[in-house]
>>> print(open('target_30.cif').read())   # mmCIF, C-alpha atoms and all ligand atoms
data_entry
loop_
_atom_site.label_atom_id
_atom_site.label_comp_id
_atom_site.auth_asym_id
_atom_site.auth_seq_id
_atom_site.Cartn_x
_atom_site.Cartn_y
_atom_site.Cartn_z
CA MET A 1 0.00 0.00 0.00
CA THR A 2 1.19 3.49 -0.79
CA LYS A 3 2.55 5.40 2.18
CA THR A 4 2.04 9.12 2.67
CA VAL A 5 4.97 11.31 3.67
CA GLY A 6 4.03 14.75 5.01
CA LEU A 7 6.30 17.61 3.98
CA ILE A 8 6.48 20.36 6.60
CA VAL A 9 8.48 23.44 5.72
CA GLY A 10 9.45 25.94 8.41
CA SER A 11 9.57 28.91 6.02
CA LEU A 12 6.33 30.64 5.06
CA ARG A 13 8.09 32.64 2.35
CA LYS A 14 6.76 32.36 -1.21
CA ASN A 15 10.20 31.88 -2.78
CA SER A 16 11.63 29.90 0.10
CA PHE A 17 14.98 28.25 -0.65
CA THR A 18 14.14 25.63 1.95
CA ARG A 19 10.88 24.67 0.28
CA ALA A 20 12.57 24.57 -3.14
CA VAL A 21 15.26 22.17 -1.92
CA ALA A 22 12.81 20.09 0.12
CA GLU A 23 10.41 19.60 -2.78
CA GLN A 24 13.19 18.49 -5.12
CA MET A 25 14.42 16.11 -2.45
CA ALA A 26 10.98 14.68 -1.65
CA ALA A 27 10.25 14.17 -5.35
CA GLN A 28 13.00 11.51 -5.28
CA LEU A 29 11.16 9.23 -2.86
CA PRO A 30 10.85 5.82 -4.51
CA ASP A 31 7.64 4.22 -5.81
CA GLY A 32 5.18 3.37 -3.09
CA PHE A 33 5.41 6.80 -1.43
CA THR A 34 3.41 9.96 -2.04
CA VAL A 35 4.35 13.40 -0.74
CA LYS A 36 1.72 15.49 0.98
CA PRO A 37 2.62 19.16 1.54
CA ILE A 38 1.33 20.28 4.94
CA ASP A 39 0.51 23.97 5.28
CA ILE A 40 1.40 25.28 8.73
CA SER A 41 0.95 28.97 7.89
CA LYS A 42 -2.70 29.20 9.03
CA LEU A 43 -2.25 27.55 12.44
CA ASP A 44 -3.39 29.68 15.36
CA LEU A 45 -0.78 30.10 18.08
CA TYR A 46 -0.91 27.37 20.67
CA ASN A 47 -2.74 28.22 23.88
CA GLN A 48 -3.42 25.35 26.27
CA ASP A 49 -6.57 27.00 27.64
CA LEU A 50 -8.33 26.38 24.33
CA ASP A 51 -7.67 22.62 24.54
CA ASP A 52 -8.55 22.48 28.24
CA GLU A 53 -11.85 24.26 27.57
CA ASN A 54 -12.67 22.20 24.46
CA ARG A 55 -12.58 25.15 22.14
CA ALA A 56 -9.68 24.26 19.89
CA PRO A 57 -9.58 26.52 16.81
CA GLN A 58 -10.61 24.89 13.54
CA SER A 59 -7.04 25.34 12.24
CA TRP A 60 -5.73 23.02 14.99
CA THR A 61 -8.43 20.40 14.43
CA ASP A 62 -7.87 20.37 10.66
CA PHE A 63 -4.11 20.05 11.12
CA ARG A 64 -4.39 17.27 13.69
CA ASN A 65 -6.81 15.34 11.47
CA GLU A 66 -4.67 15.83 8.39
CA MET A 67 -1.59 14.55 10.21
CA LYS A 68 -3.39 11.39 11.37
CA ASN A 69 -3.32 10.21 7.73
CA VAL A 70 0.40 10.80 7.33
CA ASP A 71 2.78 7.85 7.81
CA ALA A 72 6.05 9.78 8.12
CA VAL A 73 7.32 13.36 8.06
CA ILE A 74 10.01 15.31 6.25
CA PHE A 75 10.86 18.43 8.25
CA ALA A 76 12.63 21.10 6.21
CA THR A 77 13.72 24.15 8.11
CA PRO A 78 15.59 27.39 7.65
CA GLU A 79 17.42 28.76 10.66
CA TYR A 80 16.04 31.79 12.46
CA ASN A 81 18.36 33.18 15.11
CA ARG A 82 20.13 29.84 15.47
CA SER A 83 16.88 27.95 16.02
CA VAL A 84 13.72 26.94 14.15
CA PRO A 85 11.20 29.55 12.98
CA GLY A 86 8.33 30.14 15.40
CA ALA A 87 5.82 28.83 12.83
CA LEU A 88 7.47 25.42 12.86
CA LYS A 89 7.73 25.27 16.64
CA ASN A 90 4.07 26.25 16.87
CA ALA A 91 3.13 23.37 14.55
CA LEU A 92 5.08 20.95 16.74
CA ASP A 93 3.31 22.28 19.83
CA VAL A 94 -0.19 22.18 18.31
CA GLY A 95 0.35 18.62 17.08
CA SER A 96 1.66 17.44 20.43
CA ARG A 97 -1.53 18.19 22.36
CA PRO A 98 -4.03 17.51 23.93
CA TYR A 99 -1.81 15.53 26.30
CA GLY A 100 -1.69 11.88 25.28
CA GLU A 101 -3.04 12.53 21.79
CA SER A 102 0.11 13.67 20.02
CA ILE A 103 0.00 13.22 16.27
CA TRP A 104 3.79 12.90 16.18
CA ASP A 105 4.18 9.83 18.39
CA GLN A 106 6.19 7.06 16.65
CA LYS A 107 6.03 8.66 13.21
CA PRO A 108 9.35 8.30 11.34
CA ALA A 109 11.01 11.61 10.50
CA ILE A 110 13.93 13.14 8.65
CA ILE A 111 15.34 16.64 9.09
CA LEU A 112 16.72 18.94 6.39
CA SER A 113 18.16 22.35 7.21
CA VAL A 114 18.89 24.95 4.54
CA SER A 115 20.64 28.29 4.69
CA PRO A 116 22.29 30.84 2.41
CA GLY A 117 24.97 30.93 5.10
CA ALA A 118 27.93 28.62 5.62
CA ILE A 119 26.74 27.08 8.90
CA SER A 120 23.88 25.35 7.02
CA GLY A 121 21.19 25.83 9.64
CA PHE A 122 23.03 23.56 12.07
CA GLY A 123 21.42 25.26 15.09
CA ALA A 124 17.91 24.88 13.72
CA ASN A 125 18.58 21.30 12.67
CA HIS A 126 19.65 20.29 16.17
CA HIS A 127 17.01 22.26 18.05
CA LEU A 128 14.44 20.48 15.92
CA ARG A 129 16.15 17.14 16.58
CA GLN A 130 15.88 17.82 20.31
CA SER A 131 12.11 18.35 20.04
CA LEU A 132 11.66 15.19 17.96
CA VAL A 133 13.39 13.15 20.68
CA PHE A 134 10.80 14.34 23.19
CA LEU A 135 7.98 13.79 20.68
CA ASN A 136 9.11 10.16 20.28
CA MET A 137 9.67 10.38 16.53
CA PRO A 138 12.23 7.85 15.28
CA THR A 139 14.47 10.15 13.24
CA ILE A 140 17.09 9.36 10.61
CA GLN A 141 20.54 9.88 12.11
CA GLN A 142 22.57 9.46 8.92
CA PRO A 143 22.75 11.03 6.50
CA GLU A 144 22.47 14.39 8.25
CA LEU A 145 21.06 16.89 5.79
CA TYR A 146 22.69 20.32 6.00
CA ILE A 147 22.49 22.45 2.87
CA GLY A 148 24.60 25.59 3.29
CA ASN A 149 25.44 28.36 0.81
CA VAL A 150 22.21 27.34 -0.87
CA THR A 151 22.13 30.18 -3.37
CA ASN A 152 25.22 28.70 -4.99
CA ILE A 153 23.30 25.57 -6.01
CA LEU A 154 19.98 27.10 -7.13
CA ASP A 155 19.23 28.76 -10.45
CA ASP A 156 16.80 31.67 -10.92
CA ASN A 157 13.85 29.24 -10.93
CA LEU A 158 15.08 27.68 -7.67
CA LYS A 159 16.06 24.46 -9.42
CA ILE A 160 19.05 22.61 -7.97
CA THR A 161 21.91 22.88 -10.44
CA ASN A 162 24.42 20.74 -8.57
CA GLU A 163 24.13 17.09 -9.61
CA GLY A 164 26.03 15.89 -6.57
CA THR A 165 23.61 17.61 -4.20
CA LEU A 166 20.59 16.20 -6.02
CA LYS A 167 22.07 12.72 -5.85
CA PHE A 168 22.90 13.09 -2.17
CA LEU A 169 19.32 14.16 -1.39
CA GLY A 170 17.96 11.30 -3.50
CA GLY A 171 20.07 8.84 -1.55
CA ALA A 172 18.67 10.24 1.68
CA MET A 173 15.15 9.64 0.40
CA GLN A 174 16.04 6.02 -0.39
CA THR A 175 17.37 5.58 3.15
CA PHE A 176 14.26 7.24 4.58
CA ALA A 177 11.94 4.98 2.53
CA GLU A 178 13.73 1.86 3.82
CA PHE A 179 13.57 3.21 7.38
CA ILE A 180 9.80 3.84 7.10
CA ASN A 181 9.18 0.37 5.68
CA LYS A 182 11.24 -1.27 8.41
CA LEU A 183 9.30 0.51 11.16
CA ALA A 184 5.86 -0.11 9.61
C1 LIG B 201 17.49 34.61 9.30
N1 LIG B 201 18.53 34.02 8.61
C2 LIG B 201 19.44 33.23 9.29
N2 LIG B 201 20.32 32.41 8.61
C3 LIG B 201 21.15 31.58 9.29
O1 LIG B 201 21.91 30.84 8.68
N3 LIG B 201 21.15 31.59 10.66
C4 LIG B 201 20.32 32.36 11.40
O2 LIG B 201 20.34 32.30 12.61
C5 LIG B 201 19.44 33.22 10.70
N4 LIG B 201 18.54 34.03 11.40
C6 LIG B 201 17.51 34.61 10.71
C7 LIG B 201 16.46 35.19 11.43
C8 LIG B 201 15.38 35.72 10.75
C9 LIG B 201 14.22 36.28 11.51
C10 LIG B 201 15.35 35.71 9.33
C11 LIG B 201 14.15 36.28 8.57
C12 LIG B 201 16.38 35.17 8.63
C13 LIG B 201 18.61 34.11 7.14
C14 LIG B 201 17.84 32.97 6.51
O3 LIG B 201 18.67 31.85 6.43
C15 LIG B 201 17.38 33.39 5.10
O4 LIG B 201 16.47 34.46 5.19
C16 LIG B 201 16.75 32.22 4.35
O5 LIG B 201 16.53 32.61 3.01
C17 LIG B 201 15.48 31.76 5.00
O6 LIG B 201 15.03 30.55 4.42
P1 LIG B 201 13.96 30.51 3.24
O7 LIG B 201 12.80 31.41 3.62
O8 LIG B 201 14.65 30.98 1.99
O9 LIG B 201 13.57 29.08 3.15
#
>>> encode(input="target_30.cif", output="structure tokens")
Amino acid sequence: MTKTVGLIVGSLRKNSFTRAVAEQMAAQLPDGFTVKPIDISKLDLYNQDLDDENRAPQSWTDFRNEMKNVDAVIFATPEYNRSVPGALKNALDVGSRPYGESIWDQKPAIILSVSPGAISGFGANHHLRQSLVFLNMPTIQQPELYIGNVTNILDDNLKITNEGTLKFLGGAMQTFAEFINKLA
């Protein structure tokens, strides 16, 4: 049966480098996998009172329901101030509650960080990794996916021009597919 891999991108920017790289990476998943882009831009900010008082905003309910049909997750993040963007952290928080009903629990994950800078979003990558440990998401350890100096490998249409990078990302998708199948 076909498995669904959710693609969550931490940047809300229209011409996001992170989304461009992530989409070209995810497109290399092997047969038997479909990619589902998950929009986190409309999620209301997490406030526990709303869950406690049974008045969760529709945006939370829709997101939680959508994620229930996802078998695994690709997280692609830029780095904001050496961490993940607030929008991505908010999505993690919304999905993790109400207590005991986390939509993340046991879902396989892989992390990609992208930056125009040389440090490749290392801080964001590892802050995200720390959250996924707590959320009990089995996460690919190797290969680690850090794409730095990203503007050097994208053309004006945000297509990856570097064959080696494309191949590396494709290999990661093969590893991720095997990982998902093993855990299923
Ligand atoms: C950044 N940027 C950035 N880059 C980086 O490598 N480390 C960082 O800590 C930060 N901090 C940061 C904070 C904020 C608020 C913004 C808006 C940007 C630069 C960032 O990498 C750049 O804007 C990327 O283009 C963002 O990724 P997308 O939107 O192209 O995917």
>>> closest_atom_pairs(input="target_30.cif", of="chain A", to="ligand LIG 201 (chain B)", cutoff="9 Å", atoms="only C-alpha atoms and all ligand atoms", output="JSON lines")
{"residue": "A:Val9", "atom": "CA", "partner": "B:LIG201", "partner_atom": "O9", "distance": 8.0}
{"residue": "A:Gly10", "atom": "CA", "partner": "B:LIG201", "partner_atom": "O9", "distance": 7.4}
{"residue": "A:Ser11", "atom": "CA", "partner": "B:LIG201", "partner_atom": "O7", "distance": 4.7}
{"residue": "A:Leu12", "atom": "CA", "partner": "B:LIG201", "partner_atom": "O7", "distance": 6.7}
{"residue": "A:Arg13", "atom": "CA", "partner": "B:LIG201", "partner_atom": "O7", "distance": 5.0}
{"residue": "A:Lys14", "atom": "CA", "partner": "B:LIG201", "partner_atom": "O7", "distance": 7.8}
{"residue": "A:Asn15", "atom": "CA", "partner": "B:LIG201", "partner_atom": "O8", "distance": 6.6}
{"residue": "A:Ser16", "atom": "CA", "partner": "B:LIG201", "partner_atom": "O9", "distance": 3.7}
{"residue": "A:Phe17", "atom": "CA", "partner": "B:LIG201", "partner_atom": "O8", "distance": 3.8}
{"residue": "A:Thr18", "atom": "CA", "partner": "B:LIG201", "partner_atom": "O9", "distance": 3.7}
{"residue": "A:Arg19", "atom": "CA", "partner": "B:LIG201", "partner_atom": "O9", "distance": 5.9}
{"residue": "A:Ala20", "atom": "CA", "partner": "B:LIG201", "partner_atom": "O9", "distance": 7.8}
{"residue": "A:Val21", "atom": "CA", "partner": "B:LIG201", "partner_atom": "O9", "distance": 8.7}
{"residue": "A:Ala76", "atom": "CA", "partner": "B:LIG201", "partner_atom": "O9", "distance": 8.6}
{"residue": "A:Thr77", "atom": "CA", "partner": "B:LIG201", "partner_atom": "O9", "distance": 7.0}
{"residue": "A:Pro78", "atom": "CA", "partner": "B:LIG201", "partner_atom": "O6", "distance": 4.6}
{"residue": "A:Glu79", "atom": "CA", "partner": "B:LIG201", "partner_atom": "C4", "distance": 4.7}
{"residue": "A:Tyr80", "atom": "CA", "partner": "B:LIG201", "partner_atom": "N4", "distance": 3.5}
{"residue": "A:Asn81", "atom": "CA", "partner": "B:LIG201", "partner_atom": "O2", "distance": 3.3}
{"residue": "A:Arg82", "atom": "CA", "partner": "B:LIG201", "partner_atom": "O2", "distance": 3.8}
{"residue": "A:Ser83", "atom": "CA", "partner": "B:LIG201", "partner_atom": "O2", "distance": 6.5}
{"residue": "A:Val84", "atom": "CA", "partner": "B:LIG201", "partner_atom": "O2", "distance": 8.7}
{"residue": "A:Pro85", "atom": "CA", "partner": "B:LIG201", "partner_atom": "C9", "distance": 7.5}
{"residue": "A:Val114", "atom": "CA", "partner": "B:LIG201", "partner_atom": "O6", "distance": 6.8}
{"residue": "A:Ser115", "atom": "CA", "partner": "B:LIG201", "partner_atom": "O3", "distance": 4.4}
{"residue": "A:Pro116", "atom": "CA", "partner": "B:LIG201", "partner_atom": "O3", "distance": 5.5}
{"residue": "A:Gly117", "atom": "CA", "partner": "B:LIG201", "partner_atom": "O1", "distance": 4.7}
{"residue": "A:Ala118", "atom": "CA", "partner": "B:LIG201", "partner_atom": "O1", "distance": 7.1}
{"residue": "A:Ile119", "atom": "CA", "partner": "B:LIG201", "partner_atom": "O1", "distance": 6.1}
{"residue": "A:Ser120", "atom": "CA", "partner": "B:LIG201", "partner_atom": "O1", "distance": 6.1}
{"residue": "A:Gly121", "atom": "CA", "partner": "B:LIG201", "partner_atom": "O1", "distance": 5.2}
{"residue": "A:Phe122", "atom": "CA", "partner": "B:LIG201", "partner_atom": "O1", "distance": 8.1}
{"residue": "A:Gly123", "atom": "CA", "partner": "B:LIG201", "partner_atom": "O2", "distance": 7.5}
{"residue": "A:Ala124", "atom": "CA", "partner": "B:LIG201", "partner_atom": "O2", "distance": 7.9}
{"residue": "A:Gly148", "atom": "CA", "partner": "B:LIG201", "partner_atom": "O1", "distance": 8.0}
{"residue": "A:Asn149", "atom": "CA", "partner": "B:LIG201", "partner_atom": "O1", "distance": 9.0}
{"residue": "A:Val150", "atom": "CA", "partner": "B:LIG201", "partner_atom": "O5", "distance": 8.7}
{"residue": "A:Thr151", "atom": "CA", "partner": "B:LIG201", "partner_atom": "O5", "distance": 8.8}
>>> residues_around(input="target_30.cif", residues="Met25 in chain A", least_positions_apart="3", cutoff="10 Å", atoms="only C-alpha atoms", output="list of chain:residue names")
A:Arg19, A:Ala20, A:Val21, A:Ala22, A:Gln28, A:Leu29, A:Ile74, A:Leu112, A:Ile160, A:Thr165, A:Leu166, A:Lys167, A:Phe168, A:Leu169, A:Gly170, A:Gly171, A:Ala172, A:Met173
>>> residues_around(input="target_30.cif", residues="Leu50 in chain A", least_positions_apart="4", cutoff="12 Å", atoms="all atoms listed in the file", output="ChimeraX atom specification")
/A:44-46,54-58,60-61,94,97-98
>>> atom_distance(input="target_30.cif", atom1="CA of Ser41 in chain A", atom2="CA of Gln174 in chain A")
28.7 Å
>>> atom_distance(input="target_30.cif", atom1="CA of Lys68 in chain A", atom2="CA of Pro138 in chain A")
16.5 Å
>>> atom_distance(input="target_30.cif", atom1="CA of Gln48 in chain A", atom2="CA of Pro108 in chain A")
26.0 Å
>>> closest_residue(input="target_30.cif", among="A:Asp49, A:Asp156, A:Asp62, A:Asp71", to="Val35 in chain A", atoms="all atoms listed in the file")
A:Asp71
>>> closest_residue(input="target_30.cif", among="A:Ile38, A:Met137, A:Ala72, A:Ala91", to="Thr2 in chain A", atoms="only C-alpha atoms")
A:Ala72
>>> residues_around(input="target_30.cif", residues="Pro37 in chain A", least_positions_apart="5", cutoff="7 Å", atoms="all atoms listed in the file", output="PyMOL selection string")
chain A and resi 6-8
>>> write_last_selection(input="target_30.cif", atoms="C-alpha atoms", output="mmCIF file, keeping the file's coordinate frame")
data_model
loop_
_atom_site.group_PDB
_atom_site.id
_atom_site.type_symbol
_atom_site.label_atom_id
_atom_site.label_comp_id
_atom_site.auth_asym_id
_atom_site.auth_seq_id
_atom_site.Cartn_x
_atom_site.Cartn_y
_atom_site.Cartn_z
ATOM 1 C CA GLY A 6 4.030 14.750 5.010
ATOM 2 C CA LEU A 7 6.300 17.610 3.980
ATOM 3 C CA ILE A 8 6.480 20.360 6.600
#
>>> residues_near_point(input="target_30.cif", point="(6.1, 3.8, -2.3)", cutoff="8 Å", atoms="only C-alpha atoms", output="PyMOL selection string")
chain A and resi 1-3+29-34+177
>>> closest_residue(input="target_30.cif", among="A:Ile140, A:Val73, A:Glu163, A:Lys89", to="Glu178 in chain A", atoms="all atoms listed in the file")
A:Ile140
>>> residues_around(input="target_30.cif", residues="Val133 in chain A", least_positions_apart="4", cutoff="12 Å", atoms="all atoms listed in the file", output="PDB file with C-alpha atoms, in the frame of the given file")
ATOM      1  CA  TRP A 104       3.790  12.900  16.180  1.00  0.00           C
ATOM      2  CA  ASP A 105       4.180   9.830  18.390  1.00  0.00           C
ATOM      3  CA  GLN A 106       6.190   7.060  16.650  1.00  0.00           C
ATOM      4  CA  LYS A 107       6.030   8.660  13.210  1.00  0.00           C
ATOM      5  CA  PRO A 108       9.350   8.300  11.340  1.00  0.00           C
ATOM      6  CA  ALA A 109      11.010  11.610  10.500  1.00  0.00           C
ATOM      7  CA  HIS A 126      19.650  20.290  16.170  1.00  0.00           C
ATOM      8  CA  HIS A 127      17.010  22.260  18.050  1.00  0.00           C
ATOM      9  CA  LEU A 128      14.440  20.480  15.920  1.00  0.00           C
ATOM     10  CA  ARG A 129      16.150  17.140  16.580  1.00  0.00           C
ATOM     11  CA  MET A 137       9.670  10.380  16.530  1.00  0.00           C
ATOM     12  CA  PRO A 138      12.230   7.850  15.280  1.00  0.00           C
ATOM     13  CA  THR A 139      14.470  10.150  13.240  1.00  0.00           C
ATOM     14  CA  ILE A 140      17.090   9.360  10.610  1.00  0.00           C
ATOM     15  CA  GLN A 141      20.540   9.880  12.110  1.00  0.00           C
TER      16      GLN A 141
END
>>> closest_residue(input="target_30.cif", among="A:Ile147, A:Val5, A:Ile153, A:Leu135", to="Asp93 in chain A", atoms="all atoms listed in the file")
A:Leu135
>>> closest_residue(input="target_30.cif", among="A:Met67, A:Ala87, A:Leu132, A:Ala26", to="Glu101 in chain A", atoms="all atoms listed in the file")
A:Met67
>>> closest_residue(input="target_30.cif", among="A:Gln24, A:Asn47, A:Thr4, A:Ser96", to="Leu154 in chain A", atoms="all atoms listed in the file")
A:Gln24
>>> build_atoms(input="target_30.cif", residues="range 45-75 of chain A", atoms="N, CA and C atoms", output="PDB file, in the coordinates of the input")
ATOM      1  N   LEU A  45      -1.821  30.338  17.073  1.00  0.00           N
ATOM      2  CA  LEU A  45      -0.780  30.100  18.080  1.00  0.00           C
ATOM      3  C   LEU A  45      -1.304  29.195  19.185  1.00  0.00           C
ATOM      4  N   TYR A  46      -0.450  28.303  19.643  1.00  0.00           N
ATOM      5  CA  TYR A  46      -0.910  27.370  20.670  1.00  0.00           C
ATOM      6  C   TYR A  46      -1.189  28.060  21.998  1.00  0.00           C
ATOM      7  N   ASN A  47      -2.348  27.725  22.558  1.00  0.00           N
ATOM      8  CA  ASN A  47      -2.740  28.220  23.880  1.00  0.00           C
ATOM      9  C   ASN A  47      -3.460  27.064  24.573  1.00  0.00           C
ATOM     10  N   GLN A  48      -2.891  26.556  25.635  1.00  0.00           N
ATOM     11  CA  GLN A  48      -3.420  25.350  26.270  1.00  0.00           C
ATOM     12  C   GLN A  48      -4.855  25.532  26.797  1.00  0.00           C
ATOM     13  N   ASP A  49      -5.209  26.747  27.150  1.00  0.00           N
ATOM     14  CA  ASP A  49      -6.570  27.000  27.640  1.00  0.00           C
ATOM     15  C   ASP A  49      -7.622  26.507  26.639  1.00  0.00           C
ATOM     16  N   LEU A  50      -7.334  26.717  25.356  1.00  0.00           N
ATOM     17  CA  LEU A  50      -8.330  26.380  24.330  1.00  0.00           C
ATOM     18  C   LEU A  50      -8.552  24.868  24.252  1.00  0.00           C
ATOM     19  N   ASP A  51      -7.503  24.079  24.469  1.00  0.00           N
ATOM     20  CA  ASP A  51      -7.670  22.620  24.540  1.00  0.00           C
ATOM     21  C   ASP A  51      -8.388  22.242  25.826  1.00  0.00           C
ATOM     22  N   ASP A  52      -7.967  22.830  26.946  1.00  0.00           N
ATOM     23  CA  ASP A  52      -8.550  22.480  28.240  1.00  0.00           C
ATOM     24  C   ASP A  52     -10.051  22.792  28.283  1.00  0.00           C
ATOM     25  N   GLU A  53     -10.441  23.833  27.556  1.00  0.00           N
ATOM     26  CA  GLU A  53     -11.850  24.260  27.570  1.00  0.00           C
ATOM     27  C   GLU A  53     -12.609  23.761  26.341  1.00  0.00           C
ATOM     28  N   ASN A  54     -12.030  22.776  25.656  1.00  0.00           N
ATOM     29  CA  ASN A  54     -12.670  22.200  24.460  1.00  0.00           C
ATOM     30  C   ASN A  54     -13.108  23.229  23.435  1.00  0.00           C
ATOM     31  N   ARG A  55     -12.265  24.208  23.214  1.00  0.00           N
ATOM     32  CA  ARG A  55     -12.580  25.150  22.140  1.00  0.00           C
ATOM     33  C   ARG A  55     -11.351  25.356  21.244  1.00  0.00           C
ATOM     34  N   ALA A  56     -10.816  24.216  20.810  1.00  0.00           N
ATOM     35  CA  ALA A  56      -9.680  24.260  19.890  1.00  0.00           C
ATOM     36  C   ALA A  56     -10.089  24.957  18.595  1.00  0.00           C
ATOM     37  N   PRO A  57      -9.262  25.879  18.086  1.00  0.00           N
ATOM     38  CA  PRO A  57      -9.580  26.520  16.810  1.00  0.00           C
ATOM     39  C   PRO A  57      -9.654  25.487  15.678  1.00  0.00           C
ATOM     40  N   GLN A  58     -10.455  25.802  14.681  1.00  0.00           N
ATOM     41  CA  GLN A  58     -10.610  24.890  13.540  1.00  0.00           C
ATOM     42  C   GLN A  58      -9.251  24.567  12.900  1.00  0.00           C
ATOM     43  N   SER A  59      -8.347  25.564  12.885  1.00  0.00           N
ATOM     44  CA  SER A  59      -7.040  25.340  12.240  1.00  0.00           C
ATOM     45  C   SER A  59      -6.282  24.206  12.936  1.00  0.00           C
ATOM     46  N   TRP A  60      -6.416  24.103  14.250  1.00  0.00           N
ATOM     47  CA  TRP A  60      -5.730  23.020  14.990  1.00  0.00           C
ATOM     48  C   TRP A  60      -6.379  21.679  14.646  1.00  0.00           C
ATOM     49  N   THR A  61      -7.707  21.661  14.668  1.00  0.00           N
ATOM     50  CA  THR A  61      -8.430  20.400  14.430  1.00  0.00           C
ATOM     51  C   THR A  61      -8.123  19.887  13.027  1.00  0.00           C
ATOM     52  N   ASP A  62      -8.152  20.786  12.048  1.00  0.00           N
ATOM     53  CA  ASP A  62      -7.870  20.370  10.660  1.00  0.00           C
ATOM     54  C   ASP A  62      -6.466  19.801  10.555  1.00  0.00           C
ATOM     55  N   PHE A  63      -5.512  20.489  11.168  1.00  0.00           N
ATOM     56  CA  PHE A  63      -4.110  20.050  11.120  1.00  0.00           C
ATOM     57  C   PHE A  63      -3.937  18.691  11.797  1.00  0.00           C
ATOM     58  N   ARG A  64      -4.524  18.542  12.962  1.00  0.00           N
ATOM     59  CA  ARG A  64      -4.390  17.270  13.690  1.00  0.00           C
ATOM     60  C   ARG A  64      -5.021  16.125  12.896  1.00  0.00           C
ATOM     61  N   ASN A  65      -6.166  16.389  12.277  1.00  0.00           N
ATOM     62  CA  ASN A  65      -6.810  15.340  11.470  1.00  0.00           C
ATOM     63  C   ASN A  65      -5.992  15.011  10.234  1.00  0.00           C
ATOM     64  N   GLU A  66      -5.477  16.036   9.597  1.00  0.00           N
ATOM     65  CA  GLU A  66      -4.670  15.830   8.390  1.00  0.00           C
ATOM     66  C   GLU A  66      -3.440  14.976   8.714  1.00  0.00           C
ATOM     67  N   MET A  67      -2.816  15.255   9.858  1.00  0.00           N
ATOM     68  CA  MET A  67      -1.590  14.550  10.210  1.00  0.00           C
ATOM     69  C   MET A  67      -1.845  13.092  10.613  1.00  0.00           C
ATOM     70  N   LYS A  68      -3.078  12.778  10.997  1.00  0.00           N
ATOM     71  CA  LYS A  68      -3.390  11.390  11.370  1.00  0.00           C
ATOM     72  C   LYS A  68      -3.246  10.469  10.156  1.00  0.00           C
ATOM     73  N   ASN A  69      -3.407  11.020   8.958  1.00  0.00           N
ATOM     74  CA  ASN A  69      -3.320  10.210   7.730  1.00  0.00           C
ATOM     75  C   ASN A  69      -1.935  10.226   7.100  1.00  0.00           C
ATOM     76  N   VAL A  70      -0.968  10.719   7.844  1.00  0.00           N
ATOM     77  CA  VAL A  70       0.400  10.800   7.330  1.00  0.00           C
ATOM     78  C   VAL A  70       1.238   9.727   8.025  1.00  0.00           C
ATOM     79  N   ASP A  71       2.008   8.968   7.234  1.00  0.00           N
ATOM     80  CA  ASP A  71       2.780   7.850   7.810  1.00  0.00           C
ATOM     81  C   ASP A  71       4.153   8.264   8.310  1.00  0.00           C
ATOM     82  N   ALA A  72       4.694   9.341   7.761  1.00  0.00           N
ATOM     83  CA  ALA A  72       6.050   9.780   8.120  1.00  0.00           C
ATOM     84  C   ALA A  72       6.164  11.257   7.754  1.00  0.00           C
ATOM     85  N   VAL A  73       7.218  11.904   8.275  1.00  0.00           N
ATOM     86  CA  VAL A  73       7.320  13.360   8.060  1.00  0.00           C
ATOM     87  C   VAL A  73       8.730  13.763   7.644  1.00  0.00           C
ATOM     88  N   ILE A  74       8.772  14.597   6.594  1.00  0.00           N
ATOM     89  CA  ILE A  74      10.010  15.310   6.250  1.00  0.00           C
ATOM     90  C   ILE A  74       9.876  16.711   6.850  1.00  0.00           C
ATOM     91  N   PHE A  75      10.802  17.068   7.720  1.00  0.00           N
ATOM     92  CA  PHE A  75      10.860  18.430   8.250  1.00  0.00           C
ATOM     93  C   PHE A  75      11.971  19.166   7.516  1.00  0.00           C
TER      94      PHE A  75
END
